[in-house]
Structure formats: C-alpha cells, structure tokens
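Peer 1: Shown below is the structure under consideration.
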Amino acid sequence: CCATAAASTNALSRNELDTGAHGDNSTFWKLVEKRFDEGFPTESCDGPVFASVVHFDHPNITNYHEAINPGVHGQWTAGDLRKMWKDIQSDYDTVMTKFTASGNHNSSFTKAAMILETGNEEDIEEENDDDCDDVFGVEEKGFCCFTNSIVIIYLQMWMNARPGMTGCVSRKVPKGMQISLTGGSASLGSESDSNKPPRSSPETAGALVSAAIKELANAKKQ
C-alpha cells in the first residue's frame with residue numbers, strides 16, 4: 001500500500017495540479033506527516049508504535065555513541081520530511097553505487113535481519129556458505145565500509161527484509177536512460193552497452209537540442 005501511495009505522487013490528477021496538492025502538499029506526504037507526528041492508528045496492521053522502535057539489530061547501531069529512540073523525534077512538517085527523505089535517497093544511492101562497484105557479493109544483512117524479526121533462527125532458510133559471509137557488512141569491502149550512517153545501514157536492512165520496496169527507495173536513473181558526461185558509455189550501464197556506439201558529448205548534445213529548438217521555431221513560422 002505504501003508503494004501504491006508513493007507511486008500516486010507521480011500520477012497526479014488535474015484537480016490535484018490545479019489545487020496545488022502535489023510535492024509537500026500531496027496526499028501522500030501529508031499522510032507521512034500525520035503518521036510521523038501522531039503515530040499509526042491503533043487498528044492498523046502494524047500498530048500505533050510500529051515506527052517508534054528499532055526493528056533490526058546491527059553492531060553499528062548497538063555501539064552508536066548516543067541512545068537511539070525513534071519514538072522521540074519532535075514534530076516535522078511534510079516539507080521537512082520530504083527533504084530529509086530525498087537526502088537519504090541520495091546518500092543511499094551513493095553508498096550502493098560504491099558497494100556494487102566493489103564487486104563484493106558476500107556482504108548481506110538479510111540473515112541477521114530475519115533472525116531478529118522472527119526471533120527464531122530455525123525459521124531462517126539455510127543459505128549457502130558464501131551468502132552467510134559478513135552478514136553485517138563490516139568486513140573488507142562490506143556495505144558498511146562505504147558509509148558511517150546508521151540511517152543508511154538501517155535502511156539497507158529494511159531493503160533486505162522487504163526487497164519489493166527497493167524501487168520506492170532508490171532513485172537511480174534506469175540503465176537505458178543513463179548518460180555519460182565524459183563521452184563514453186555510461187559507467188552503470190549493462191554489459192550490452194559496450195557494443196553500442198559512444199554517446200554524444202555534452203557539447204554535441206547541446207548542439208542537437210539547440211538545432212531542435214530552431215527547427216521547432218521555424219516550423220511555427222510557416
């Protein structure tokens with residue numbers, strides 16, 4: 001339901017556009033503000049204190065220099081929350097890019113996160129030995145080598161617990177839409193991209209856009 005609500009911000013109705021019910025004033029972000037400031041309804045599936053507790057354990061969180069209590073956060077506006085979320089998204093994508101580039105596929109929080117959530121290690125389906133390495137991502141080239149932020153670490157644990165929400169968290173441009181600013185192929189493109197001709201340089205792209213604008217202007221004169 002969160003994914004549906006978040007996606008709705010990208011498909012605004014004419015009335016929402018006309019009344020300014022978008023961005024900070026969108027229905028989605030107003031709901032986020034309400035839940036953040038007032039908590040979840042008692043009858044909700046997650047319960048009123050769902051967001052007021054730490055759901056996953058991690059050495060970096062346990063050993064943090066301050067006590068962490070999500071239930072104590074003050075009052076935030078939809079605009080403040082939206083800005084904070086965009087900053088978190090940006091930081092998360094930066095860390096994931098560096099971690100992915102490291103080539104380390106044995107650093108995962110999944111097993112540790114699931115054990116804490118279920119409270120029973122027997123409920124965890126056995127994984128192969130490689131997948132069980134460095135479950136907290138603290139060893140060489142582990143996820144935590146690329147960030148000191150417990151917020152980003154906690155977010156990654158949630159993504160491992162609910163991978164279906166990844167699309168609502170990461171804001172990376174799809175590979176097919178990525179553009180290289182150095183004249184070569186996109187650094188995050190697929191392997192098949194290497195068989196494609198190099199993309200245009202910024203100067204060439206600018207010239208093409210300028211030419212297109214001129215053609216449009218000339219067409220309107222005719």
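Ordering of the structure tokens sets the chain letters (A, B, ...); residue numbers start at 1 within each chain; ligands are numbered from 1 in the order shown.
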Do you know which residues are at most 10 Å from Asp24 (chain A) counting only C-alpha atoms, after dropping those on the same chain fewer than 4 positions away, and could you put them as number ranges by chain?
Peer 2: A: 20, 28-30, 33, 77-83
Peer 1: Which residue gives the smallest distance to Tyr92 (chain A) among A:Cys45, A:Ala161, A:Val151, A:Val135, with only C-alpha atoms counted?
Peer 2: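 Nearest candidate to Tyr92 (chain A) out of A:Cys45, A:Ala161, A:Val151, A:Val135: A:Val151.
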Peer 1: Calculated over only C-alpha atoms, which of the candidates A:Tyr154, A:Gln89, A:Met84, A:Thr100 has the smallest distance to His55 (chain A)?
Peer 2: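 Under the stated criterion, the closest residue is A:Tyr154.
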Peer 1: For CA of Phe50 (chain A) and CA of Arg162 (chain A), determine how far apart the two atoms are, in Å to one decimal place.
Peer 2: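 Pair CA of Phe50 (chain A) / CA of Arg162 (chain A) returns 15.6 Å.
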Peer 1: Calculated over only C-alpha atoms, which of the candidates A:Val32, A:Ser107, A:Ser102, A:Gly74 has the smallest distance to Phe136 (chain A)?
Peer 2: A:Ser107
Peer 1: Ranking A:Val54, A:Ile153, A:Val72, A:Cys168 by minimum distance to Phe36 (chain A) and counting only C-alpha atoms, which one comes first?
Peer 2: A:Val72
Peer 1: So that I can check the surroundings of Val95 (chain A), please list as a list in words every protein, DNA and RNA residue that reaches within 8 Å of it, counting only C-alpha atoms and ignoring chain neighbours fewer than 2 positions away.
Peer 2: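 In the requested format, the answer is Asp91, Tyr92, Asp93, Thr97, Lys98, Phe99, Phe143, Phe146 and Thr147 of chain A.
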